[in-house]
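Read through the structure below, which is laid out as structure tokens, and then see the notes.
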Amino acid sequence: MSERAYRLLLALYPSRFRDEYGAAALSLFRDRLRAERGFVAQLQLWIDMIRDTAVSLPVEYRREPLHFATSHAANGEQGLVFYQFDPEIPKRSALINGALVTIVVFIGLILFMGSAAKHAPWLIGSHHPSRSHILPARTDAIAKTELDGEIKVKPMPFEPPMSPYFRLILVLGALDTDHDNVISAAEIDNAPAALRTLDKNHDGKLSAEECGQRFGTARASMDAAFLKNAQLVFMRFHPVLAALDSNHDGEISASEIRNAAVALRLLDVNHDGKLTEDELLPLVNPKTP
């Protein structure tokens, strides 16, 4: 059946092409058909054949046959070689056969893919959306059930890098779950849960170091009073930390974590329901306590 279908494809080509290359092309097709095992491999074979036909068929009809005519010198030796081009157009029967084969193949592929999708033995996909900043589009095509396998890829090269300030202040990095350098309305609502992920010692609150302050090895040599004052300054200097630490004691308590969404909305200067980096940078936000 496969060879017969391929012979119909060959019938679309000019007769001179079939005479010169038909046997070789058919032999090559047989060899590859024997080598390709499994449905996917044979499907790829037919895709290659149809694509090659679509590309090469117009070329072969434009490439007219070469007829050699030689002139002979006086001494009987071969002289110049001339080329003569004769036009040839495809037969109507060949075009009809090709159209029918193409329609049948595509209908068969569509029916197979439709039935295979309904009885898929494995469910493979992703629970996570992929953003595109070239052609953004909204989609619900995200798996909401358990998957047999999940495919994860690296961020696309055109995906915006995470802001250095969001990397510095761990609270901002935790709040910005989609890493677009904006704290959206949904991320503000989810703020308590996001902040609890920073509680490394599980004491129910966040210290200045858990929020992003870094002392390194110098901490051991610091005076307790100086260390406490440095923590207070750090928490007051950054608007998001100052808003969350409502009693200004240098840490975000359990009750302040629960009230995080309300505190964050105080930083929304333009009242658009989200927080951008310019509303979060130090010495910029006029509503910082």
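Residue numbering restarts at 1 for every chain of the structure tokens, chains are lettered A, B, ... in their displayed order, and ligands are numbered from 1 as they appear.
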Practice item. Find the spatial neighbours of Ala25 (chain A), counting only C-alpha atoms, within a cut-off of 12 Å - ignore same-chain residues fewer than 6 positions away - and output them as a ChimeraX atom specification. Key: /A:3,6-7,9-11,13,17-19,31-32,49,52-53
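The space separating CA of Ala94 (chain A) from CA of Met113 (chain A) comes to 28.6 Å.
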Review point. Could you pull the residues within 7 Å of region 181-184 of chain A, counting only C-alpha atoms, minus those fewer than 2 positions along the same chain, as number ranges by chain?
Key: A: 162-163, 175-176, 179, 186-188, 274-277
**Study point:** Distance query region 232-244 of chain A at most 6 Å, only C-alpha atoms, self and fewer than 3 positions along chain excluded, as a PyMOL selection string
**Key:** chain A and resi 229+250+260+263+280+282+288
Please, could you write that set of residues out with N, CA and C atoms as a short mmCIF file (atom, residue, chain, number, x, y, z; two decimals), in the first residue's frame?
```
data_model
loop_
_atom_site.label_atom_id
_atom_site.label_comp_id
_atom_site.auth_asym_id
_atom_site.auth_seq_id
_atom_site.Cartn_x
_atom_site.Cartn_y
_atom_site.Cartn_z
N ASN A 229 20.65 47.56 65.71
CA ASN A 229 20.43 48.84 65.04
C ASN A 229 20.53 48.67 63.52
N GLY A 250 11.93 45.62 63.64
CA GLY A 250 13.04 44.96 62.96
C GLY A 250 12.77 43.54 62.51
N ALA A 260 -0.17 40.87 55.56
CA ALA A 260 0.76 41.33 54.53
C ALA A 260 0.06 41.94 53.32
N ALA A 263 -0.95 45.49 54.02
CA ALA A 263 0.21 46.36 54.11
C ALA A 263 0.80 46.66 52.73
N LEU A 280 8.60 50.33 44.55
CA LEU A 280 9.21 49.52 45.62
C LEU A 280 10.63 49.94 45.95
N PRO A 282 13.80 52.08 47.26
CA PRO A 282 13.96 52.99 48.41
C PRO A 282 13.96 54.46 47.98
N THR A 288 5.78 55.17 52.02
CA THR A 288 6.55 54.35 52.93
C THR A 288 6.43 54.89 54.34
#
```
Review point. What does the distance between CA of Ile50 (chain A) and CA of Val101 (chain A) come to in Å, to one decimal place?
Key: 10.0 Å
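Residue nearest Arg62 (chain A) within the list A:Pro161, A:Gly173, A:Pro14, A:Gly212: A:Pro14 [criterion: smallest interatomic distance, only C-alpha atoms].
The shortest atom-to-atom distance to Ala194 (chain A), with only C-alpha atoms taken into account, belongs to A:Asp178 out of A:Glu209, A:Asp245, A:Asp178, A:Glu60.
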